[in-house]
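Peer 1: Below is the structure I would like to discuss, written out as structure tokens.
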Amino acid sequence: MNKNVSIKLSEIASLVGGKLIGDADVIINSVARIDEAVKGDLTFLYLHEFEKYFPSTGAAAILVKPDFNKTRSDISYIEVDAPEKAFTSVIINFFSPKFELKGIDETSFVPKSSTLGKNVALGKNVVIGADCKIGDNVKIFHNAVLLENVEVGDGSIIFQNVSIREECKIGRNVIIHAGAVIGADGFGYQKDDKGVYNKVPQIGNVIIEDDVEIGANTTIDRAALGSTIIKKGAKIDNLVQIAHNVSVGNNTVMSAQSGVSGSVTIGSNVIVAGQVGIAGHLEIADNVILMAQSGVPKTISKPGLYFGYPAKEAKMAKILEAHFRNFPEYVDRIKKLEEEIKKLKEEISQKKS
Amino acid sequence: MNKNVSIKLSEIASLVGGKLIGDADVIINSVARIDEAVKGDLTFLYLHEFEKYFPSTGAAAILVKPDFNKTRSDISYIEVDAPEKAFTSVIINFFSPKFELKGIDETSFVPKSSTLGKNVALGKNVVIGADCKIGDNVKIFHNAVLLENVEVGDGSIIFQNVSIREECKIGRNVIIHAGAVIGADGFGYQKDDKGVYNKVPQIGNVIIEDDVEIGANTTIDRAALGSTIIKKGAKIDNLVQIAHNVSVGNNTVMSAQSGVSGSVTIGSNVIVAGQVGIAGHLEIADNVILMAQSGVPKTISKPGLYFGYPAKEAKMAKILEAHFRNFPEYVDRIKKLEEEIKKLKEEISQKKS
Amino acid sequence: MNKNVSIKLSEIASLVGGKLIGDADVIINSVARIDEAVKGDLTFLYLHEFEKYFPSTGAAAILVKPDFNKTRSDISYIEVDAPEKAFTSVIINFFSPKFELKGIDETSFVPKSSTLGKNVALGKNVVIGADCKIGDNVKIFHNAVLLENVEVGDGSIIFQNVSIREECKIGRNVIIHAGAVIGADGFGYQKDDKGVYNKVPQIGNVIIEDDVEIGANTTIDRAALGSTIIKKGAKIDNLVQIAHNVSVGNNTVMSAQSGVSGSVTIGSNVIVAGQVGIAGHLEIADNVILMAQSGVPKTISKPGLYFGYPAKEAKMAKILEAHFRNFPEYVDRIKKLEEEIKKLKEEISQKKS
């Protein structure tokens with residue numbers, strides 16, 4: 001977090017458009033959870049379950065809803081309708097981490113054929129390949145490696161130990177977290193008559209558009225031909241696998257450990273929850289939500305909530321799951337029916353006789 | 001992709017054994033998808049859904065099936081039975097990436113006790129441990145680390161940021177993609193009376209045989225004792241977990257995010273699809289196919305297609321899945337039966353009275 | 001494994017408290033599996049399936065149960081009740097790997113504001129950020145990167161290519177395997193009116209307590225605010241995802257490719273098997289066991305074995321699974337009931353008429 005911050009509470013009240021009750025001049029140095037806050041901290045309260053910490057919190061000031069019972073006089077209050085959003089605004093404005101890195105470290109390597117924009121920072125042992133173009137204000141942390149002909153747009157941040165293979169294009173204001181691998185070969189082989197898999201050269205690349213964030217140790221493979229594309233504003237979590245020739249739409253979110261097979265096209269504003277898998281060559285429509293651990297074997301062309309393995313519309317999946325949980329009861333009912341039928345048959349046959 | 005290529009179309013026709021229709025002397029500089037091809041490009045067409053791009057493609061030449069309707073005269077054609085395979089052959093022969101890396105970079109480290117073959121290339125900051133043996137024509141990219149007593153066979157390629165721990169043996173023509181970790185400690189503990197897990201030293205290694213490919217950020221743990229083995233020709237995708245003492249058979253394919261627990265033996269020519277999990281100490285027979293997201297709790301001794309969690313033969317799994325989808329209908333039928341029985345009982349009792 | 005070991009068999013018998021039968025002075029240089037053992041090796045036998053290797057093993061000595069039929073006279077025996085545990089003790093005492101790394105390599109970087117304890121070893125190209133505190137006897141392998149204000153406790157080992165972000169605190173005797181990423185940003189965004197995700201700064205950190213082991217390429221995200229905590233003695237396997245603000249309890253074990261969403265609290269002595277997923281903001285009670293591939297959508301407050309998706313108590317999950325496997329039979333029984341009802345109705349209506 002940004003250290004050495006010193007703001008008057010009145011400035012914060014002004015930022016969040018809240019009503020200040022208490023000492024407008026109290027100095028805020030930091031932010032903290034209500035159960036961890038100490039002197040100089042701003043905190044917030046919006047869930048009932050955290051109210052138990054209010055009597056003992058050491059916070060100097062607290063963001064609360066207007067109807068909060070302000071029983072302590074040794075703490076200052078800012079009343080806002082959405083304390084959690086106001087708190088996030090305060091963090092964004094005053095406490096955002098700077099990801100500090102300055103200058104071109106002497107142990108980094110930039111060949112003459114590559115160009116660096118203004119105010120670029122390269123950490124220790126950073127390796128830039130031939131013919132790369134690095135935009136203004138880019139930060140590349142220690143031990144990251146970019147092979148030849150890579151482009152990185154203005155304002156992007158590449159963390160340590162990231163690998164970017166040749167020919168890949170990274171947009172502006174992209175964040176790539178540590179250990180991510182962009183542009184490794186797609187998984188493509190031709191099986192010969194002897195059952196041997198011969199490698200199909202993967203001669204495409206990866207294009208990551210502006211404002212994308214890529215999680216730690218995530219892997220995005222280069223296309224066999226053409227490009228694997230992550231579109232503007234998409235957010236991809238840790239340990240996600242994106243195979244060759246996949247396209248991920250604008251503002252689509254993919255949670256940790258989800259995986260997408262080759263040549264899948266995912267629409268815009270899609271939410272892919274954790275550990276979801278999507279089979280190859282499918283399309284996922286805009287505004288689809290895939291719930292955690294779902295497996296998708298077929299194209300989904302209708303927006304909505306999907307769930308399960310194979311993924312079904314969530315409403316149907318929940319009905320099926322409820323039936324599944326009641327399975328022992330249904331089996332009992334079948335048994336009972338069989339007994340009753342048996343009895344009825346006996347009764348009828350007795351009557352006959 | 002390999003740049004500065006310049007081939008006559010007649011050479012390509014000759015390579016793929018196709019019939020050339022048009023300008024035999026047209027020069028091909030590159031290959032591209034039909035919807036992205038421009039002047040100088042060779043493209044191909046074998047799926048009907050891509051025919052819509054034919055009228056507007058900028059390609060200089062196109063691989064097509066013999067029955068294709070060759071309506072354009074400003075483009076040259078090569079007729080072949082399997083355009084997609086011919087296209088792959090062209091890529092393999094003329095456009096394979098060279099993974100260019102030359103010489104021993106001065107920032108790499110090779111101790112005196114280690115030996116390098118002929119024509120080895122070591123990138124920046126590569127660290128080679130003591131007593132390593134690196135074969136001829138090996139390329140090790142920037143910031144990769146090999147600890148002591150590692151062997152790498154002729155022609156192998158190790159990409160950036162790969163970690164290979166001590167004692168591991170890598171065969172010939174192996175490709176290890178960026179960020180993979182070979183030979184980390186297996187996950188082995190002895191729990192004591194207090195519930196504390198004490199580490200069991202993992203004193204085995206990993207053996208990777210010839211012609212294996214290992215995906216980005218995949219982890220292959222060293223054996224507790226003996227070796228974890230990846231056999232000749234196996235292909236392993238990204239983010240795969242191979243635990244200690246596993247053996248993966250010849251020409252077996254493991255897709256992304258699949259995981260294998262300790263001491264599993266996987267046969268030859270097995271296909272493990274994405275996100276599959278295999279429990280410990282099992283055997284998977286040759287020629288088994290495990291469909292995506294399957295979970296395998298028991299040994300599979302019969303070749304065939306398996307699916308689901310727990311994995312069942314695919315035919316049975318599909319029948320069960322179909323029944324599962326019809327569950328609401330079955331419940332309705334049970335209800336209806338109950339009502340009918342009730343009615344019948346009433347009728348019979350009325351008769352009695 | 002530790003080389004150049006030379007121990008008399010009598011020493012080993014004494015260590016494991018076993019009865020020595022044969023040559024007490026035979027020198028043991030190494031340990032091996034019974035099927036791989038050669039001259040100078042100690043091996044062990046406790047599973048019947050390995051007895052077939054006994055006649056041909058080249059081992060010098062073998063740990064066996066007291067009732068083992070000692071038919072060979074060219075091999076020495078140590079009788080113990082639990083040969084596998086005795087064997088592990090021998091490995092721990094005499095053959096534990098030393099993870100050798102000595103001194104501060106001249107290519108590592110330590111700024112003046114950071115402090116190193118006694119006997120610290122830093123490998124090649126290690127980067128230490130500003131204001132770090134590295135304890136005594138810490139080993140940090142090649143190309144690992146620690147950003148500013150990181151603390152590492154005495155005796156911890158950090159393998160190559162590990163990334164530790166700013167502010168994270170690592171305890172004593174912690175092992176972090178290659179490629180792990182500690183303290184990357186949590187996956188937190190606020191969606192605005194246009195559907196754009198705005199990054200919520202992640203200003204917390206990660207605290208890893210004493211005696212924790214973290215697997216290769218595992219990712220543990222920093223908290224949004226406060227700390228993501230891995231408590232004393234927890235063991236985390238490869239490719240595991242721990243999201244922001246998660247707490248993992250003492251002596252809890254998490255197997256490979258499992259994933260935990262944000263703000264989950266996992267108790268002590270929990271076992272999370274491979275590929276398990278846990279949804280956000282839940283609590284998992286002490287002593288819970290989550291079987292492989294389970295998905296947990298709700299808090300689990302009762303110790304015990306859980307299984308499936310969504311996770312159920314294992315006993316119930318097994319009953320449901322058994323019913324599911326019998327689904328075709330139940331459908332047949334429903335059909336048969338329908339036919340019998342039809343027949344009964346006909347019979348009754350015939351009687352009426």
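Chain lettering (A, B, ...) mirrors the order of the structure tokens, residue numbering begins at 1 for each chain separately, and ligand numbering begins at 1 in order of display.
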Write out as a list in words which residues come within 9 Å of A:Gly123 when counting only C-alpha atoms, dropping same-chain ones fewer than 4 positions away.

Peer 2: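 Counting only the stated atoms, we get Leu101, Lys102, Gly103, Ile104, Asp105, Glu106, Thr107, Ser108, Lys139, Ile140, Phe141, His142, Asn143, Ala144 and Gln160 of chain A.
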
Peer 1: Kindly save the residues from that selection, with all heavy atoms included, as a short mmCIF file (atom, residue, chain, number, x, y, z; two decimals), in the first residue's frame.

Peer 2:
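Now in part-v8.cif:
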data_model
loop_
_atom_site.label_atom_id
_atom_site.label_comp_id
_atom_site.auth_asym_id
_atom_site.auth_seq_id
_atom_site.Cartn_x
_atom_site.Cartn_y
_atom_site.Cartn_z
N LEU A 101 9.06 0.95 -9.53
CA LEU A 101 10.21 0.47 -10.30
C LEU A 101 10.65 1.65 -11.13
O LEU A 101 9.82 2.29 -11.79
CB LEU A 101 9.77 -0.69 -11.20
CG LEU A 101 10.90 -1.43 -11.92
CD1 LEU A 101 11.72 -2.26 -10.94
CD2 LEU A 101 10.34 -2.35 -13.00
N LYS A 102 11.92 1.95 -11.05
CA LYS A 102 12.39 3.15 -11.77
C LYS A 102 13.64 2.88 -12.59
O LYS A 102 14.52 2.16 -12.15
CB LYS A 102 12.65 4.28 -10.77
CG LYS A 102 11.37 5.00 -10.41
CD LYS A 102 11.57 6.05 -9.35
CE LYS A 102 10.20 6.55 -8.86
NZ LYS A 102 10.29 7.18 -7.55
N GLY A 103 13.67 3.47 -13.76
CA GLY A 103 14.88 3.46 -14.57
C GLY A 103 15.14 2.12 -15.24
O GLY A 103 14.40 1.15 -15.06
N ILE A 104 16.20 2.12 -16.03
CA ILE A 104 16.57 0.93 -16.77
C ILE A 104 17.72 0.29 -16.01
O ILE A 104 18.84 0.81 -16.01
CB ILE A 104 17.05 1.31 -18.20
CG1 ILE A 104 16.04 2.25 -18.89
CG2 ILE A 104 17.34 0.07 -19.02
CD1 ILE A 104 14.68 1.65 -19.16
N ASP A 105 17.47 -0.82 -15.35
CA ASP A 105 18.54 -1.43 -14.56
C ASP A 105 19.67 -1.87 -15.48
O ASP A 105 19.45 -2.37 -16.59
CB ASP A 105 18.00 -2.62 -13.77
CG ASP A 105 19.00 -3.05 -12.71
OD1 ASP A 105 19.88 -3.87 -13.04
OD2 ASP A 105 18.91 -2.54 -11.58
N GLU A 106 20.89 -1.74 -14.97
CA GLU A 106 22.06 -2.03 -15.80
C GLU A 106 22.18 -3.53 -16.12
O GLU A 106 22.86 -3.91 -17.07
CB GLU A 106 23.34 -1.54 -15.11
CG GLU A 106 23.55 -2.22 -13.75
CD GLU A 106 24.79 -1.72 -13.00
OE1 GLU A 106 25.44 -0.79 -13.51
OE2 GLU A 106 25.08 -2.28 -11.94
N THR A 107 21.49 -4.36 -15.36
CA THR A 107 21.53 -5.80 -15.66
C THR A 107 20.42 -6.22 -16.64
O THR A 107 20.36 -7.39 -17.02
CB THR A 107 21.37 -6.64 -14.37
OG1 THR A 107 20.11 -6.32 -13.79
CG2 THR A 107 22.48 -6.35 -13.38
N SER A 108 19.56 -5.29 -17.01
CA SER A 108 18.55 -5.63 -18.03
C SER A 108 19.21 -5.58 -19.40
O SER A 108 20.27 -4.97 -19.57
CB SER A 108 17.36 -4.67 -17.96
OG SER A 108 17.77 -3.36 -18.34
N LYS A 139 6.32 -0.68 -17.16
CA LYS A 139 7.19 -1.23 -16.11
C LYS A 139 7.34 -2.73 -16.33
O LYS A 139 6.32 -3.43 -16.38
CB LYS A 139 6.59 -0.99 -14.73
CG LYS A 139 6.56 0.47 -14.33
CD LYS A 139 5.92 0.66 -12.95
CE LYS A 139 5.86 2.15 -12.65
NZ LYS A 139 5.30 2.42 -11.33
N ILE A 140 8.56 -3.19 -16.43
CA ILE A 140 8.78 -4.64 -16.56
C ILE A 140 9.69 -5.06 -15.41
O ILE A 140 10.83 -4.61 -15.31
CB ILE A 140 9.42 -4.99 -17.92
CG1 ILE A 140 8.53 -4.46 -19.06
CG2 ILE A 140 9.61 -6.51 -18.04
CD1 ILE A 140 9.07 -4.75 -20.46
N PHE A 141 9.15 -5.91 -14.55
CA PHE A 141 9.86 -6.28 -13.33
C PHE A 141 10.94 -7.34 -13.60
O PHE A 141 11.01 -7.96 -14.66
CB PHE A 141 8.88 -6.75 -12.26
CG PHE A 141 8.22 -5.60 -11.54
CD1 PHE A 141 7.19 -4.88 -12.13
CD2 PHE A 141 8.65 -5.21 -10.28
CE1 PHE A 141 6.60 -3.80 -11.47
CE2 PHE A 141 8.06 -4.14 -9.62
CZ PHE A 141 7.04 -3.43 -10.21
N HIS A 142 11.71 -7.57 -12.57
CA HIS A 142 12.92 -8.40 -12.60
C HIS A 142 12.69 -9.78 -13.21
O HIS A 142 11.70 -10.44 -12.95
CB HIS A 142 13.44 -8.57 -11.18
CG HIS A 142 13.32 -7.32 -10.36
ND1 HIS A 142 14.06 -6.19 -10.62
CD2 HIS A 142 12.51 -7.00 -9.32
CE1 HIS A 142 13.73 -5.24 -9.75
NE2 HIS A 142 12.79 -5.71 -8.95
N ASN A 143 13.67 -10.19 -14.01
CA ASN A 143 13.74 -11.55 -14.54
C ASN A 143 12.60 -11.89 -15.50
O ASN A 143 12.43 -13.06 -15.85
CB ASN A 143 13.77 -12.57 -13.39
CG ASN A 143 15.07 -12.51 -12.61
OD1 ASN A 143 15.95 -11.70 -12.92
ND2 ASN A 143 15.23 -13.36 -11.63
N ALA A 144 11.85 -10.90 -15.95
CA ALA A 144 10.87 -11.16 -17.02
C ALA A 144 11.61 -11.26 -18.35
O ALA A 144 12.68 -10.65 -18.54
CB ALA A 144 9.83 -10.05 -17.07
N GLN A 160 7.36 -9.87 -12.33
CA GLN A 160 8.59 -10.66 -12.41
C GLN A 160 8.34 -12.07 -12.95
O GLN A 160 7.25 -12.63 -12.80
CB GLN A 160 9.28 -10.75 -11.05
CG GLN A 160 8.49 -11.41 -9.95
CD GLN A 160 7.79 -10.39 -9.09
OE1 GLN A 160 7.21 -9.43 -9.58
NE2 GLN A 160 7.85 -10.61 -7.80
#

Peer 1: Provide as a PyMOL selection string the residues of chain A at most 8 Å from chain C, counting only C-alpha atoms.

Peer 2: chain A and resi 1+32-33+36+88+91-92+95-97+124-125+142-143+160-161+177-179+215-217+233+235+237-239+251+256-257+269+274-275+292-293+324-325+327-328+331+334+337-338+341+345

Peer 1: For stretch 59-65 of chain B, work out the shell of residues within 9 Å, counting only C-alpha atoms and skipping chain neighbours fewer than 4 positions away, then give it as a PyMOL selection string.

Peer 2: chain B and resi 9+18+22-23+26-28+31-32+34+36-46+74-84+86-87

Peer 1: Store the residues picked out above in a file with N, CA, C and O atoms, as a compact mmCIF listing (two decimals), in the first residue's frame.

Peer 2:
# COMPACT_ATOMS: atom_id res chain seq x y z
N LEU B 9 5.44 -21.47 -56.24
CA LEU B 9 4.28 -22.31 -55.98
C LEU B 9 4.50 -23.73 -56.51
O LEU B 9 4.01 -24.70 -55.93
N GLY B 18 0.38 -32.24 -55.33
CA GLY B 18 -0.90 -31.74 -55.80
C GLY B 18 -0.83 -31.26 -57.24
O GLY B 18 0.25 -31.12 -57.82
N GLY B 22 -2.94 -22.65 -62.51
CA GLY B 22 -2.66 -21.22 -62.41
C GLY B 22 -1.19 -20.95 -62.64
O GLY B 22 -0.53 -21.67 -63.40
N ASP B 23 -0.65 -19.96 -61.91
CA ASP B 23 0.71 -19.49 -62.14
C ASP B 23 1.71 -20.29 -61.31
O ASP B 23 1.82 -20.09 -60.09
N VAL B 26 4.35 -18.15 -59.26
CA VAL B 26 4.00 -17.16 -58.25
C VAL B 26 4.81 -17.45 -56.97
O VAL B 26 5.04 -18.61 -56.61
N ILE B 27 5.29 -16.38 -56.35
CA ILE B 27 6.16 -16.53 -55.18
C ILE B 27 5.32 -16.47 -53.90
O ILE B 27 4.52 -15.54 -53.71
N ILE B 28 5.51 -17.47 -53.04
CA ILE B 28 4.83 -17.53 -51.74
C ILE B 28 5.80 -17.10 -50.66
O ILE B 28 6.91 -17.63 -50.56
N VAL B 31 2.12 -17.95 -45.03
CA VAL B 31 0.87 -18.71 -45.00
C VAL B 31 -0.10 -17.99 -44.07
O VAL B 31 0.32 -17.30 -43.15
N ALA B 32 -1.41 -18.15 -44.34
CA ALA B 32 -2.39 -17.46 -43.50
C ALA B 32 -3.74 -18.14 -43.61
O ALA B 32 -3.99 -18.93 -44.52
N ILE B 34 -7.68 -18.20 -44.48
CA ILE B 34 -8.31 -17.64 -45.67
C ILE B 34 -8.91 -16.26 -45.41
O ILE B 34 -8.89 -15.38 -46.29
N GLU B 36 -7.70 -14.06 -43.43
CA GLU B 36 -6.66 -13.09 -43.07
C GLU B 36 -5.57 -12.98 -44.14
O GLU B 36 -4.66 -12.17 -44.01
N ALA B 37 -5.65 -13.80 -45.19
CA ALA B 37 -4.56 -13.89 -46.16
C ALA B 37 -4.45 -12.63 -47.02
O ALA B 37 -5.46 -12.03 -47.40
N VAL B 38 -3.21 -12.24 -47.30
CA VAL B 38 -2.94 -11.10 -48.17
C VAL B 38 -1.95 -11.54 -49.26
O VAL B 38 -1.54 -12.70 -49.31
N LYS B 39 -1.59 -10.61 -50.11
CA LYS B 39 -0.68 -10.86 -51.23
C LYS B 39 0.56 -11.63 -50.78
O LYS B 39 1.19 -11.27 -49.79
N GLY B 40 0.92 -12.65 -51.52
CA GLY B 40 2.11 -13.43 -51.17
C GLY B 40 1.81 -14.60 -50.26
O GLY B 40 2.67 -15.43 -50.00
N ASP B 41 0.57 -14.68 -49.78
CA ASP B 41 0.20 -15.75 -48.85
C ASP B 41 -0.33 -16.98 -49.58
O ASP B 41 -1.07 -16.87 -50.56
N LEU B 42 -0.01 -18.14 -49.02
CA LEU B 42 -0.70 -19.37 -49.37
C LEU B 42 -1.76 -19.61 -48.30
O LEU B 42 -1.52 -19.38 -47.11
N THR B 43 -2.95 -20.05 -48.73
CA THR B 43 -3.97 -20.40 -47.75
C THR B 43 -4.55 -21.76 -48.12
O THR B 43 -4.02 -22.45 -49.01
N PHE B 44 -5.62 -22.18 -47.42
CA PHE B 44 -6.22 -23.48 -47.71
C PHE B 44 -7.70 -23.43 -47.37
O PHE B 44 -8.16 -22.53 -46.66
N LEU B 45 -8.43 -24.40 -47.88
CA LEU B 45 -9.87 -24.44 -47.68
C LEU B 45 -10.30 -25.90 -47.62
O LEU B 45 -10.08 -26.65 -48.57
N TYR B 46 -10.89 -26.30 -46.49
CA TYR B 46 -11.43 -27.67 -46.47
C TYR B 46 -12.76 -27.75 -45.72
O TYR B 46 -13.47 -28.72 -45.84
N ASP B 74 -7.80 -14.88 -60.59
CA ASP B 74 -6.68 -14.08 -60.09
C ASP B 74 -5.97 -14.78 -58.93
O ASP B 74 -5.24 -14.17 -58.16
N ILE B 75 -6.22 -16.04 -58.80
CA ILE B 75 -5.62 -16.82 -57.70
C ILE B 75 -5.19 -18.16 -58.28
O ILE B 75 -5.80 -18.67 -59.22
N SER B 76 -4.09 -18.71 -57.75
CA SER B 76 -3.64 -20.02 -58.23
C SER B 76 -4.11 -21.10 -57.27
O SER B 76 -4.26 -20.85 -56.06
N TYR B 77 -4.32 -22.30 -57.80
CA TYR B 77 -4.87 -23.41 -57.02
C TYR B 77 -3.89 -24.59 -56.99
O TYR B 77 -3.20 -24.85 -57.97
N ILE B 78 -3.86 -25.28 -55.87
CA ILE B 78 -3.24 -26.60 -55.84
C ILE B 78 -4.32 -27.56 -55.34
O ILE B 78 -4.84 -27.39 -54.23
N GLU B 79 -4.64 -28.53 -56.16
CA GLU B 79 -5.65 -29.51 -55.78
C GLU B 79 -5.00 -30.69 -55.04
O GLU B 79 -4.06 -31.30 -55.54
N VAL B 80 -5.52 -30.98 -53.86
CA VAL B 80 -5.05 -32.14 -53.06
C VAL B 80 -6.26 -32.75 -52.36
O VAL B 80 -7.27 -32.07 -52.13
N ASP B 81 -6.13 -33.99 -51.96
CA ASP B 81 -7.25 -34.65 -51.30
C ASP B 81 -7.51 -34.11 -49.90
O ASP B 81 -8.64 -34.04 -49.45
N ALA B 82 -6.41 -33.77 -49.19
CA ALA B 82 -6.57 -33.29 -47.81
C ALA B 82 -5.85 -31.95 -47.68
O ALA B 82 -4.69 -31.89 -47.25
N PRO B 83 -6.54 -30.86 -48.02
CA PRO B 83 -5.88 -29.54 -48.01
C PRO B 83 -5.27 -29.17 -46.66
O PRO B 83 -4.22 -28.54 -46.60
N GLU B 84 -5.94 -29.56 -45.56
CA GLU B 84 -5.44 -29.16 -44.24
C GLU B 84 -4.13 -29.87 -43.91
O GLU B 84 -3.22 -29.29 -43.32
N ALA B 86 -2.01 -31.02 -46.24
CA ALA B 86 -1.01 -30.46 -47.16
C ALA B 86 -0.49 -29.13 -46.63
O ALA B 86 0.72 -28.85 -46.67
N PHE B 87 -1.42 -28.33 -46.11
CA PHE B 87 -1.05 -27.02 -45.57
C PHE B 87 -0.08 -27.18 -44.41
O PHE B 87 0.92 -26.47 -44.29

Peer 1: For B:Asp211, which of B:Ile157, B:Ala223, B:Ala311, B:Met254 is the closest residue, counting only C-alpha atoms?

Peer 2: B:Ile157

Peer 1: Any idea what the distance is between atom CA of B:Ser30 and atom CA of B:Glu49?

Peer 2: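 Between atom CA of B:Ser30 and atom CA of B:Glu49 the gap works out to 22.9 Å.
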
Peer 1: May I ask for the distance between atom CA of C:Gly153 and atom CA of C:Ala121, given in Å to one decimal place?

Peer 2: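 The value is 13.4 Å.
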
Peer 1: Among stretch 52-252 of chain A, which residues carry a DSSP assignment of strand (DSSP E), reported as JSON, numbers by chain?

Peer 2: {"A": [61, 62, 63, 64, 76, 77, 78, 79, 115, 116, 121, 122, 127, 128, 133, 134, 139, 140, 145, 146, 151, 152, 157, 158, 163, 164, 169, 170, 175, 176, 181, 182, 183, 184, 189, 190, 191, 197, 198, 199, 205, 206, 207, 208, 213, 214, 219, 220, 221, 227, 228, 229, 230, 235, 236, 241, 242, 247, 248]}

Peer 1: Separation of atom CA of B:Ile214 and atom CA of B:Asn173, in Å?

Peer 2: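 Going from atom CA of B:Ile214 over to atom CA of B:Asn173 covers 11.5 Å.
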